[in-house]
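J.: For reference, the structure I am asking about is given below.
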Amino acid sequence: MSKMESSPSLWAPRHSGWRLAHHLLASFVLLAFLAGSGTYALLSQKSVLATGLLASALAVLLGVVAAFRRSPADRAVVNMAVLTSSGPRAATWFPMFRTSAKGAAAIMGLSVVILVATVSLSARLLLIHNYEPRGLVLVLTALLLAIGVFVLNRGIRMARLAVTAQEPGVYLTRSRIVIHSSRGTREIYWNDVADIEAADPPRRKPLGKRGPAWVLVLPHAQNDGTSKPLVITVHELAANPDQLYRAFNHYAAHADDRAELGTEEALARLQGLLPEV
């Protein structure tokens, strides 16, 4: 057994359902703050402020519910054709979670409510009532705008996964890696891969012991400096992330084995790359 196959799992155990709760601690705190503040504003007859705060709380709640509804079991890797920049190709597919189109529409609708309420609130306090201190109004406006933009960005990412004709996930073909995710569609040729890394976003580390948040496929440096890594968000991955990480490393290091990708032979090899339970 190779060193890669016998190495410990980076993402074990993967958390879902109620076991996911402590990873969402920040979301629970934010939800409680927004819901409490919105309820207080509503009771104080500040309807515009209450609308923005309660819509923000509902958006956070929908995100938490979506995380809890995900299955705790990893989905199996299968073979599936993928459309690449040079046409359809046989591939081995590591699935990602496909989000609901209705859920994406709801999140984007809430973001619009938050942004409209924020603009209306700031205009009323600054232009109509000439509210003092202005600094407090500006801080509140900036906070709600930030929440609205964040929710809108989340809705756009959800919509990408909901409406794509190609099943979302990571596709390994003989010549390249293709990713259909919330970040859009990207591909990279195996010969252009410089390294594979498991990493967290800059200056951020997820709570708990769920492992790094990203798997990065790093390309060779280009002369124009425009090369960017392919980012796989582990939270979106329905397949086993350790299996994907090991598959990346294996096929990056063994060019001759790439010919089997998209065939039953690849599935048999990947079964052996699953971490031990």
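Residues in the structure tokens are numbered from 1 in each chain, the chains being A, B, ... in the order shown, and ligands are numbered from 1 in the order shown.
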Taking a cut-off of 8 Å and counting only C-alpha atoms, can you build a table that, for each residue of stretch 151-243 of chain A near stretch 71-76 of chain A, reports the nearest atom pair and how far apart they are in Å (one decimal), sorted by chain then residue number, as JSON lines?
T.:
{"residue": "A:Ala238", "atom": "CA", "partner": "A:Arg75", "partner_atom": "CA", "distance": 5.7}
{"residue": "A:Ala239", "atom": "CA", "partner": "A:Arg75", "partner_atom": "CA", "distance": 4.9}
{"residue": "A:Asn240", "atom": "CA", "partner": "A:Asp74", "partner_atom": "CA", "distance": 5.5}
J.: Output as a tab-separated table one row per residue of stretch 3-100 of chain A within 7 Å of stretch 149-161 of chain A: the closest atom pair and its distance in Å to one decimal place, counting only C-alpha atoms, sorted by chain and residue number ascending.
T.:
residue	atom	partner	partner_atom	distance
A:Ala59	CA	A:Val151	CA	7.0
A:Arg98	CA	A:Leu161	CA	5.5
A:Thr99	CA	A:Leu161	CA	5.8
J.: Could you give me, as a ChimeraX atom specification, the residues within 12 Å of stretch 108-117 of chain A, counting only C-alpha atoms and dropping anything in the same chain fewer than 5 positions from it?
T.: /A:46-62,101-103,122-124,140-159
J.: Do you know which residues are at most 7 Å from A:Thr92 counting only C-alpha atoms, after dropping those on the same chain fewer than 5 positions away, and could you put them as a list in words?
T.: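 Near neighbours after the sequence-gap exclusion: Val78, Asn79, Met80, Tyr171, Leu172, Thr173, Leu261 and Gly262 of chain A.
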J.: Counting only C-alpha atoms, what is within 9 Å of A:Pro229, bar same-chain residues fewer than 3 positions away, as a list in words?
T.: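 Surrounding residues, per the criterion: Leu216, Val217, Leu218 and Pro219 of chain A.
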J.: Now that the selection is made, can you save its residues with C-alpha atoms as a PDB file, in the first residue's frame?
T.:
ATOM      1  CA  LEU A 216      -6.901  23.612  -4.500  1.00  0.00           C
ATOM      2  CA  VAL A 217      -5.622  22.549  -7.910  1.00  0.00           C
ATOM      3  CA  LEU A 218      -2.621  24.803  -8.491  1.00  0.00           C
ATOM      4  CA  PRO A 219      -1.503  25.501 -12.082  1.00  0.00           C
TER       5      PRO A 219
END
J.: Which residue is closest to A:His250? Choose from A:Leu270, A:Val64, A:Glu264, A:Thr233 and count only C-alpha atoms.
T.: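 Of all the options, A:Leu270 lies closest to A:His250.
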J.: Atom CA of A:His220 and atom CA of A:Ser85 are how many Å apart?
T.: 19.8 Å
J.: From stretch 56-258 of chain A, collect each residue whose DSSP state is alpha helix (DSSP H) and return the set as a ChimeraX atom specification.
T.: /A:56-68,101-123,134-163,241-253
J.: Taking the DSSP assignment computed from this structure's backbone, write out as JSON, numbers by chain all residues of stretch 48-163 of chain A that belong to strand (DSSP E).
T.: {"A": [78, 79, 82, 83, 84, 87, 88, 89, 92, 93, 94, 95]}
J.: Take the residues just selected and output them with N, CA, C and O atoms as a PDB file, in the first residue's frame.
T.:
ATOM      1  N   VAL A  78     -19.018   7.847  -9.959  1.00  0.00           N
ATOM      2  CA  VAL A  78     -19.477   7.102 -11.136  1.00  0.00           C
ATOM      3  C   VAL A  78     -18.860   7.717 -12.393  1.00  0.00           C
ATOM      4  O   VAL A  78     -18.239   8.780 -12.347  1.00  0.00           O
ATOM      5  N   ASN A  79     -19.051   7.035 -13.500  1.00  0.00           N
ATOM      6  CA  ASN A  79     -18.606   7.557 -14.790  1.00  0.00           C
ATOM      7  C   ASN A  79     -19.748   8.325 -15.451  1.00  0.00           C
ATOM      8  O   ASN A  79     -20.901   7.888 -15.422  1.00  0.00           O
ATOM      9  N   VAL A  82     -18.894  14.524 -19.781  1.00  0.00           N
ATOM     10  CA  VAL A  82     -18.852  15.932 -19.414  1.00  0.00           C
ATOM     11  C   VAL A  82     -18.541  16.756 -20.657  1.00  0.00           C
ATOM     12  O   VAL A  82     -17.746  16.342 -21.513  1.00  0.00           O
ATOM     13  N   LEU A  83     -19.179  17.919 -20.749  1.00  0.00           N
ATOM     14  CA  LEU A  83     -18.926  18.819 -21.873  1.00  0.00           C
ATOM     15  C   LEU A  83     -17.735  19.701 -21.538  1.00  0.00           C
ATOM     16  O   LEU A  83     -17.757  20.448 -20.557  1.00  0.00           O
ATOM     17  N   THR A  84     -16.686  19.617 -22.350  1.00  0.00           N
ATOM     18  CA  THR A  84     -15.484  20.418 -22.140  1.00  0.00           C
ATOM     19  C   THR A  84     -15.379  21.472 -23.234  1.00  0.00           C
ATOM     20  O   THR A  84     -16.227  21.557 -24.120  1.00  0.00           O
ATOM     21  N   GLY A  87     -15.425  19.764 -26.553  1.00  0.00           N
ATOM     22  CA  GLY A  87     -16.462  18.787 -26.836  1.00  0.00           C
ATOM     23  C   GLY A  87     -16.683  17.825 -25.682  1.00  0.00           C
ATOM     24  O   GLY A  87     -15.995  17.879 -24.665  1.00  0.00           O
ATOM     25  N   PRO A  88     -17.677  16.921 -25.819  1.00  0.00           N
ATOM     26  CA  PRO A  88     -17.960  15.960 -24.752  1.00  0.00           C
ATOM     27  C   PRO A  88     -16.825  14.947 -24.587  1.00  0.00           C
ATOM     28  O   PRO A  88     -16.209  14.533 -25.565  1.00  0.00           O
ATOM     29  N   ARG A  89     -16.581  14.580 -23.332  1.00  0.00           N
ATOM     30  CA  ARG A  89     -15.525  13.626 -23.018  1.00  0.00           C
ATOM     31  C   ARG A  89     -16.022  12.667 -21.946  1.00  0.00           C
ATOM     32  O   ARG A  89     -16.806  13.032 -21.078  1.00  0.00           O
ATOM     33  N   THR A  92     -14.722  10.510 -15.065  1.00  0.00           N
ATOM     34  CA  THR A  92     -15.075   9.937 -13.767  1.00  0.00           C
ATOM     35  C   THR A  92     -15.533  11.092 -12.886  1.00  0.00           C
ATOM     36  O   THR A  92     -14.797  12.063 -12.707  1.00  0.00           O
ATOM     37  N   TRP A  93     -16.759  10.965 -12.345  1.00  0.00           N
ATOM     38  CA  TRP A  93     -17.451  12.094 -11.724  1.00  0.00           C
ATOM     39  C   TRP A  93     -17.514  11.968 -10.213  1.00  0.00           C
ATOM     40  O   TRP A  93     -17.994  10.985  -9.677  1.00  0.00           O
ATOM     41  N   PHE A  94     -17.028  13.034  -9.517  1.00  0.00           N
ATOM     42  CA  PHE A  94     -17.187  13.171  -8.079  1.00  0.00           C
ATOM     43  C   PHE A  94     -18.315  14.178  -7.850  1.00  0.00           C
ATOM     44  O   PHE A  94     -18.123  15.377  -8.076  1.00  0.00           O
ATOM     45  N   PRO A  95     -19.498  13.734  -7.424  1.00  0.00           N
ATOM     46  CA  PRO A  95     -20.661  14.636  -7.377  1.00  0.00           C
ATOM     47  C   PRO A  95     -20.578  15.683  -6.286  1.00  0.00           C
ATOM     48  O   PRO A  95     -19.949  15.492  -5.244  1.00  0.00           O
TER      49      PRO A  95
END
J.: So which residues touch A:His180 within 7 Å, counting only C-alpha atoms, skipping near sequence neighbours fewer than 5 positions away, as a list of chain:residue names?
T.: A:Pro168, A:Gly169, A:Val170, A:Thr185, A:Arg186
J.: Please, could you write that set of residues out with C-alpha atoms as a short mmCIF file (atom, residue, chain, number, x, y, z; two decimals), in the first residue's frame?
T.:
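This went into out35.cif:
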data_model
loop_
_atom_site.label_atom_id
_atom_site.label_comp_id
_atom_site.auth_asym_id
_atom_site.auth_seq_id
_atom_site.Cartn_x
_atom_site.Cartn_y
_atom_site.Cartn_z
CA PRO A 168 -22.34 19.78 -10.52
CA GLY A 169 -19.14 18.13 -9.42
CA VAL A 170 -15.53 17.38 -10.31
CA THR A 185 -17.21 26.14 -14.69
CA ARG A 186 -13.46 25.81 -15.05
#
J.: A:Ile196, A:Ile188, A:His254, A:Ala91: which is nearest A:Ala266, counting only C-alpha atoms?
T.: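 Of A:Ile196, A:Ile188, A:His254, A:Ala91, the one nearest A:Ala266, counting only C-alpha atoms, is A:Ala91.
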J.: Would you work out the distance separating atom CA of A:Ala66 from atom CA of A:Thr164, expressed in Å to one decimal?
T.: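 So the answer is 18.8 Å.
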